[in-house]
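Engineer: The following file, my_file-v4.cif, comprises mmCIF, C-alpha atoms:
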data_model
#
loop_
_atom_site.label_atom_id
_atom_site.label_comp_id
_atom_site.auth_asym_id
_atom_site.auth_seq_id
_atom_site.Cartn_x
_atom_site.Cartn_y
_atom_site.Cartn_z
CA MET A 25 89.63 133.78 76.93
CA ALA A 26 92.89 131.92 76.44
CA ILE A 27 93.49 128.99 78.77
CA THR A 28 97.07 128.69 79.99
CA ALA A 29 99.05 125.49 80.53
CA SER A 30 99.48 126.37 84.21
CA GLN A 31 95.68 126.52 84.67
CA VAL A 32 95.26 123.13 83.05
CA LYS A 33 98.09 121.74 85.21
CA GLU A 34 96.51 123.06 88.42
CA LEU A 35 93.10 121.67 87.53
CA ARG A 36 94.62 118.29 86.69
CA GLU A 37 96.42 118.20 90.03
CA ARG A 38 93.26 119.09 91.93
CA THR A 39 90.91 116.70 90.09
CA GLY A 40 93.07 113.92 88.65
CA ALA A 41 91.16 114.26 85.37
CA GLY A 42 92.68 114.13 81.88
CA MET A 43 94.29 117.14 80.20
CA MET A 44 91.65 117.56 77.48
CA GLU A 45 88.79 117.22 79.95
CA CYS A 46 90.40 119.90 82.17
CA LYS A 47 90.95 122.27 79.27
CA LYS A 48 87.37 121.83 78.07
CA ALA A 49 86.00 122.55 81.55
CA LEU A 50 88.16 125.67 81.88
CA VAL A 51 86.97 126.97 78.49
CA GLU A 52 83.34 126.45 79.51
CA CYS A 53 83.94 128.23 82.83
CA ASP A 54 86.00 131.16 81.45
CA GLY A 55 89.18 129.98 83.17
CA ASP A 56 87.69 129.93 86.70
CA ILE A 57 89.24 126.85 88.30
CA ASP A 58 86.75 126.50 91.17
CA SER A 59 83.83 126.75 88.75
CA ALA A 60 85.54 124.24 86.47
CA ILE A 61 85.87 121.77 89.36
CA GLU A 62 82.17 122.15 90.17
CA HIS A 63 81.29 121.76 86.48
CA MET A 64 83.39 118.60 86.21
CA ARG A 65 81.75 117.14 89.29
CA LYS A 66 78.29 117.75 87.84
CA THR A 67 79.14 116.31 84.43
CA GLY A 68 80.95 113.47 86.16
CA LEU A 69 77.77 112.51 87.98
CA ALA A 70 75.94 112.40 84.66
CA LYS A 71 78.62 110.14 83.20
CA ALA A 72 78.41 107.90 86.27
CA ASP A 73 74.64 107.51 85.84
CA LYS A 74 75.13 106.47 82.22
CA LYS A 75 77.49 103.69 83.36
CA ALA A 76 75.12 102.38 86.05
CA GLY A 77 73.71 99.64 83.81
CA ARG A 78 77.06 98.06 83.06
CA ILE A 79 78.19 94.81 84.70
CA ALA A 80 80.92 95.24 87.32
CA ALA A 81 82.10 91.76 88.34
CA GLU A 82 85.79 92.45 88.99
CA GLY A 83 87.12 94.50 91.87
CA GLY A 84 88.58 93.80 95.28
CA VAL A 85 87.90 92.56 98.79
CA ILE A 86 89.52 94.45 101.67
CA ILE A 87 89.67 93.70 105.41
CA LYS A 88 90.44 96.12 108.26
CA ALA A 89 90.57 95.47 112.01
CA SER A 90 90.25 97.78 115.00
CA PRO A 91 93.40 98.33 117.12
CA ASP A 92 92.21 95.78 119.71
CA SER A 93 91.16 93.31 116.95
CA LYS A 94 87.74 92.92 118.55
CA THR A 95 85.98 94.55 115.57
CA ILE A 96 86.68 93.81 111.94
CA ALA A 97 85.27 95.03 108.63
CA ILE A 98 85.26 93.19 105.31
CA LEU A 99 84.20 95.00 102.13
CA GLU A 100 83.72 94.17 98.45
CA VAL A 101 83.89 96.94 95.85
CA ASN A 102 83.40 96.02 92.19
CA SER A 103 84.78 97.41 88.95
CA GLU A 104 84.39 96.37 85.33
CA THR A 105 88.02 95.27 84.84
CA ASP A 106 90.82 93.96 87.03
CA PHE A 107 93.08 96.63 85.53
CA VAL A 108 91.08 99.35 87.29
CA SER A 109 90.82 97.39 90.55
CA GLY A 110 94.61 97.21 90.65
CA GLY A 111 95.01 100.99 90.37
CA GLU A 112 95.92 103.48 93.10
CA ASP A 113 92.65 105.44 92.85
CA PHE A 114 90.55 102.31 93.37
CA ALA A 115 92.75 101.18 96.28
CA ALA A 116 92.56 104.59 97.99
CA PHE A 117 88.76 104.65 97.65
CA THR A 118 88.24 101.11 99.02
CA ASN A 119 90.65 101.74 101.89
CA GLU A 120 88.83 104.86 103.01
CA VAL A 121 85.38 103.29 102.64
CA CYS A 122 86.46 100.27 104.71
CA GLN A 123 87.82 102.62 107.37
CA ILE A 124 84.46 104.41 107.45
CA ILE A 125 82.69 101.09 108.05
CA LEU A 126 85.03 100.34 110.94
CA ALA A 127 84.67 103.81 112.48
CA GLN A 128 80.98 104.59 111.87
CA ALA A 129 79.32 101.14 111.79
CA PRO A 130 76.72 101.90 109.09
CA ALA A 131 73.65 99.68 109.16
CA ASP A 132 73.71 98.78 105.47
CA VAL A 133 75.10 99.79 102.07
CA ASP A 134 72.56 102.62 101.66
CA VAL A 135 73.64 104.18 104.96
CA LEU A 136 77.29 103.65 104.02
CA MET A 137 76.81 105.45 100.69
CA ALA A 138 75.40 108.46 102.57
CA SER A 139 78.34 108.52 105.02
CA LYS A 140 80.95 111.28 104.76
CA MET A 141 84.46 110.85 103.37
CA ALA A 142 87.46 112.82 104.72
CA ASN A 143 86.95 115.57 102.09
CA GLY A 144 83.31 116.10 103.10
CA ASP A 145 81.76 114.30 100.13
CA THR A 146 79.49 111.34 100.70
CA VAL A 147 80.72 107.89 99.68
CA ASP A 148 78.16 108.01 96.87
CA ILE A 149 79.52 111.30 95.49
CA ALA A 150 83.10 110.05 95.81
CA CYS A 151 82.18 106.84 94.01
CA ARG A 152 80.56 108.78 91.16
CA ALA A 153 83.60 111.05 90.91
CA LEU A 154 85.83 107.98 90.66
CA ILE A 155 83.61 106.57 87.91
CA ALA A 156 83.90 109.84 85.99
CA LYS A 157 87.67 109.85 86.41
CA ILE A 158 88.46 106.26 85.39
CA GLY A 159 85.59 105.67 82.95
CA GLU A 160 84.28 102.45 84.48
CA LYS A 161 81.36 101.50 86.69
CA ILE A 162 82.37 101.19 90.34
CA SER A 163 79.97 99.57 92.79
CA VAL A 164 80.14 99.29 96.58
CA ARG A 165 78.50 95.88 96.71
CA ARG A 166 78.49 94.55 100.28
CA PHE A 167 80.21 94.63 103.64
CA ALA A 168 80.13 92.98 107.04
CA LEU A 169 81.09 94.52 110.38
CA LEU A 170 81.87 91.82 112.92
CA ASN A 171 82.46 91.95 116.68
CA THR A 172 83.79 89.31 119.06
CA ASP A 173 84.70 88.63 122.68
CA GLY A 174 87.16 86.03 121.40
CA ALA A 175 89.65 86.59 118.62
CA PHE A 176 89.54 87.28 114.87
CA SER A 177 91.99 85.98 112.31
CA PHE A 178 91.88 86.86 108.64
CA TYR A 179 93.45 85.97 105.33
CA SER A 180 93.44 87.74 101.97
CA HIS A 181 94.18 85.85 98.78
CA GLY A 182 95.43 88.82 96.80
CA ALA A 183 92.44 91.12 96.47
CA ARG A 184 90.16 88.37 95.11
CA ILE A 185 89.17 86.49 98.29
CA GLY A 186 88.94 87.67 101.89
CA VAL A 187 88.16 85.49 104.91
CA VAL A 188 87.53 86.43 108.54
CA VAL A 189 87.47 83.68 111.18
CA GLU A 190 86.15 84.08 114.73
CA MET A 191 87.88 81.54 116.94
CA LYS A 192 88.08 80.62 120.61
CA GLY A 193 91.42 79.25 121.78
CA GLY A 194 94.31 78.31 119.54
CA THR A 195 96.90 80.73 118.17
CA ASP A 196 97.06 83.52 115.62
CA GLU A 197 98.93 81.19 113.27
CA LEU A 198 96.24 78.52 113.57
CA GLY A 199 93.52 81.11 112.92
CA ARG A 200 95.28 82.30 109.78
CA ASP A 201 95.75 78.71 108.59
CA VAL A 202 92.03 78.02 109.06
CA ALA A 203 91.16 81.26 107.23
CA MET A 204 93.45 80.23 104.36
CA HIS A 205 91.76 76.81 104.28
CA ILE A 206 88.33 78.48 104.02
CA ALA A 207 89.58 80.67 101.19
CA ALA A 208 90.66 77.55 99.28
CA THR A 209 87.70 75.22 99.96
CA ASN A 210 84.72 77.57 100.40
CA PRO A 211 82.73 75.57 103.00
CA VAL A 212 79.04 76.37 103.45
CA CYS A 213 79.23 76.61 107.25
CA VAL A 214 81.22 75.50 110.29
CA SER A 215 79.41 72.27 111.26
CA GLU A 216 76.61 69.91 110.19
CA GLU A 217 74.02 71.55 112.45
CA GLN A 218 74.42 74.80 110.53
CA VAL A 219 73.77 73.39 107.04
CA PRO A 220 70.60 75.12 105.78
CA ALA A 221 67.65 72.70 105.71
CA GLU A 222 66.65 73.67 102.15
CA ILE A 223 70.12 72.85 100.81
CA LEU A 224 70.19 69.48 102.56
CA GLU A 225 66.68 68.63 101.36
CA LYS A 226 67.62 69.48 97.78
CA GLU A 227 70.64 67.16 97.96
CA LYS A 228 68.53 64.37 99.50
CA VAL A 229 66.09 64.50 96.58
CA ILE A 230 69.00 64.11 94.15
CA PHE A 231 70.57 61.26 96.14
CA ILE A 232 67.23 59.40 96.39
CA ALA A 233 66.66 59.65 92.64
CA GLN A 234 70.20 58.41 91.92
CA ALA A 235 69.92 55.53 94.39
CA LYS A 236 66.57 54.33 93.01
CA GLU A 237 68.07 54.07 89.55
CA SER A 238 70.42 51.39 90.86
CA GLY A 239 67.53 48.90 91.13
CA LYS A 240 68.75 47.64 94.50
CA PRO A 241 66.47 46.64 97.42
CA ASP A 242 64.99 49.39 99.60
CA ASN A 243 67.14 48.55 102.63
CA ILE A 244 70.31 48.92 100.52
CA ILE A 245 69.00 52.12 98.93
CA GLU A 246 68.39 53.57 102.40
CA LYS A 247 72.00 52.88 103.39
CA MET A 248 73.26 54.33 100.12
CA ILE A 249 71.35 57.56 100.71
CA GLU A 250 72.59 57.81 104.30
CA GLY A 251 76.19 57.29 103.16
CA ARG A 252 75.95 59.92 100.45
CA ILE A 253 74.40 62.47 102.81
CA ASN A 254 77.17 61.89 105.37
CA LYS A 255 79.78 62.31 102.64
CA TYR A 256 78.13 65.50 101.43
CA LEU A 257 78.02 66.97 104.95
CA LYS A 258 81.75 66.37 105.38
CA GLU A 259 82.45 68.06 102.04
CA VAL A 260 80.48 71.26 102.76
CA THR A 261 81.26 71.80 106.47
CA LEU A 262 84.51 73.34 107.65
CA VAL A 263 85.14 70.83 110.44
CA GLY A 264 84.42 67.86 108.17
CA GLN A 265 86.89 68.81 105.44
CA PRO A 266 90.46 67.49 105.12
CA PHE A 267 92.85 70.29 106.14
CA VAL A 268 94.48 71.77 103.02
CA LYS A 269 97.96 71.78 104.56
CA ASP A 270 97.63 68.19 105.79
CA PRO A 271 94.91 66.17 104.01
CA ASP A 272 95.51 63.22 106.39
CA THR A 273 93.73 65.13 109.15
CA THR A 274 90.42 67.00 109.24
CA VAL A 275 89.93 70.58 110.35
CA GLU A 276 87.94 69.22 113.30
CA LYS A 277 90.92 67.14 114.49
CA LEU A 278 93.28 70.06 113.91
CA LEU A 279 91.14 72.32 116.08
CA LYS A 280 90.76 69.74 118.85
CA SER A 281 94.50 69.11 118.98
CA ASN A 282 95.00 72.86 119.54
CA ASP A 283 92.11 73.21 122.02
CA ALA A 284 90.41 75.62 119.62
CA THR A 285 86.87 76.16 118.32
CA VAL A 286 85.74 78.10 115.25
CA LEU A 287 82.67 80.11 116.22
CA SER A 288 81.96 81.64 112.80
CA PHE A 289 83.51 82.78 109.55
CA CYS A 290 82.83 85.21 106.72
CA ARG A 291 84.17 84.62 103.21
CA TYR A 292 83.91 87.12 100.34
CA GLU A 293 85.03 86.37 96.80
CA VAL A 294 85.05 89.09 94.17
CA GLY A 295 82.11 88.82 91.78
CA GLU A 296 80.56 85.68 93.26
CA GLY A 297 76.91 85.49 92.26
CA ILE A 298 77.25 88.20 89.60
CA GLU A 299 76.41 87.00 86.10
CA LYS A 300 79.25 88.11 83.86
CA ALA A 301 78.75 89.10 80.26
CA VAL A 302 80.24 86.62 77.79
CA ASP A 303 81.57 88.24 74.65
CA ASN A 304 81.58 86.27 71.41
CA PHE A 305 84.22 87.93 69.25
CA ALA A 306 83.28 85.98 66.09
CA GLU A 307 79.63 87.00 66.34
CA GLU A 308 80.64 90.62 66.99
CA VAL A 309 82.78 90.67 63.85
CA MET A 310 80.02 89.08 61.75
CA ALA A 311 77.51 91.62 63.05
CA GLN A 312 79.80 94.43 61.93
CA VAL A 313 80.26 92.79 58.52
CA ARG A 314 76.50 92.42 58.03
CA ALA A 315 76.00 96.06 59.06
#
Could the structure of this file be written out as structure tokens, please?

Structural biologist:
Amino acid sequence: MAITASQVKELRERTGAGMMECKKALVECDGDIDSAIEHMRKTGLAKADKKAGRIAAEGGVIIKASPDSKTIAILEVNSETDFVSGGEDFAAFTNEVCQIILAQAPADVDVLMASKMANGDTVDIACRALIAKIGEKISVRRFALLNTDGAFSFYSHGARIGVVVEMKGGTDELGRDVAMHIAATNPVCVSEEQVPAEILEKEKVIFIAQAKESGKPDNIIEKMIEGRINKYLKEVTLVGQPFVKDPDTTVEKLLKSNDATVLSFCRYEVGEGIEKAVDNFAEEVMAQVRA
């Protein structure tokens, strides 16, 4: 049967898919729009599965707080390119998923993916539909749902970095300044006592090896190692770092002067820990020439 322009238009409005894809689905379903939508969803899932092996290291970090600011959610969703992560479809998806985390408190990503969206689809189905629509792999990578009896402050550096700070005392402005500092410096933890033992031991081994190469007496080497460890601890702990807005003071002094204490923080950066593919254009061209 002949497919009319109005049918294609309606299907496009209801699915957001391209004109040719809509026309093809209508032809295969004899012009039945509901059947065409179902067909497109099924084929979309197949396309999504084919894209599952791709590397998605771009994307966005989003933060949402409850009305009383006692609960806060931070979420990272990845895409293959920053062009897609800046689009309206990606933003709408991440916003709704983050709202689901805040409202339903899923235990982990698997539970989140099985949670229901406003239209009745699961997050997993909605994610696959988005993949089919935009043609890139989309991955709900991680989230944290945090609760406090104190106060949360947060800072977003564009959509690339998100930081949530749990603080006792101080002001909202101070909390945001500390969150911005964490976004810029990426400390390992709040204070020296929280530095993981395995990280500290690894650094000690390096410092000992470096100090022994100096050829100095053991008592001097011991002091050198102690000095380097103390310097390292100041560099990786929030309270030991110079405050980014005023390097003449440390974060610890800033907090004390405002009668404030940072209890914890959570920092997400898009793509951290994901090994990105490195394209070599020259090699690609030569491979095509040889072929």

Engineer: The PyMOL selection byres ((chain A and resi 282) around 10) on the file shown: which residues, as a PyMOL selection string?

Structural biologist: chain A and resi 193-195+198+277-281+283-285

Engineer: Taking the file as I've supplied it (selection: the PyMOL selection byres ((chain A and resi 212-229) around 6)), which residues are included? Please answer as a PyMOL selection string.

Structural biologist: chain A and resi 211+230-232+260-263

Engineer: Using only C-alpha atoms, can you tell me which of A:Gln265, A:Ser139, A:Asn171, A:Thr28 comes closest to Lys94 (chain A)?

Structural biologist: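 That would be A:Asn171, the residue with the smallest distance to Lys94 (chain A).
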
Engineer: Using only C-alpha atoms, which residues sit within 6 Å of Ile98 (chain A) once same-chain residues fewer than 6 positions away are excluded, as a PDB file with C-alpha atoms, in the frame of the given file?

Structural biologist:
ATOM      1  CA  ILE A  86      89.520  94.450 101.670  1.00  0.00           C
ATOM      2  CA  ILE A  87      89.670  93.700 105.410  1.00  0.00           C
ATOM      3  CA  PHE A 167      80.210  94.630 103.640  1.00  0.00           C
ATOM      4  CA  ALA A 168      80.130  92.980 107.040  1.00  0.00           C
TER       5      ALA A 168
END

Engineer: Kindly resolve the PyMOL selection byres ((chain A and resi 93) around 10) on the present coordinates and return the residues as a ChimeraX atom specification.

Structural biologist: /A:88-92,94-96,171-177

Engineer: Go ahead and compute the interatomic distance for CA of Ala127 (chain A) and CA of Arg152 (chain A), in Å to one decimal.

Structural biologist: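 CA of Arg152 (chain A) lies 22.3 Å from CA of Ala127 (chain A).
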
Engineer: Need to verify the contact set: region 44-53 of chain A, 9 Å, only C-alpha atoms, exclusion of same-chain residues closer than 2 positions in sequence. Can you return it as a list in words?

Structural biologist: Met25, Ala26, Ile27, Thr28, Ala29, Gln31, Val32, Lys33, Leu35, Arg36, Thr39, Ala41, Gly42, Gly55, Asp56, Ile57, Asp58, Ser59, Ala60, Ile61, His63 and Met64 of chain A

Engineer: Name the closest residue to Ile206 (chain A) among the candidates A:Ser103, A:Ser288, A:Asn143, A:Gln123; distances are taken between atoms, counting only C-alpha atoms.

Structural biologist: A:Ser288

Engineer: In the coordinates of the file, take the point (75.0, 98.6, 98.4) and a cut-off of 6 Å; then, counting all atoms listed in the file, name each qualifying protein, DNA or RNA residue as a list in words.

Structural biologist: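 In the file's frame, the residues around the point are Val133, Asp134, Val164, Arg165 and Arg166 of chain A.
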
Engineer: When you look at Phe117 (chain A) with a cut-off of 9 Å (counting only C-alpha atoms), what residues show up, excluding the ones that are within fewer than 6 positions of it in the same chain? I need them as an MDAnalysis selection string.

Structural biologist: chainID A and resid 147 150:151 154

Engineer: Quick one: residues within 12 Å of Gly251 (chain A), all atoms listed in the file counted, chain neighbours fewer than 4 positions away excluded, as an MDAnalysis selection string?

Structural biologist: chainID A and resid 228 231:232 235 244:247 255:258
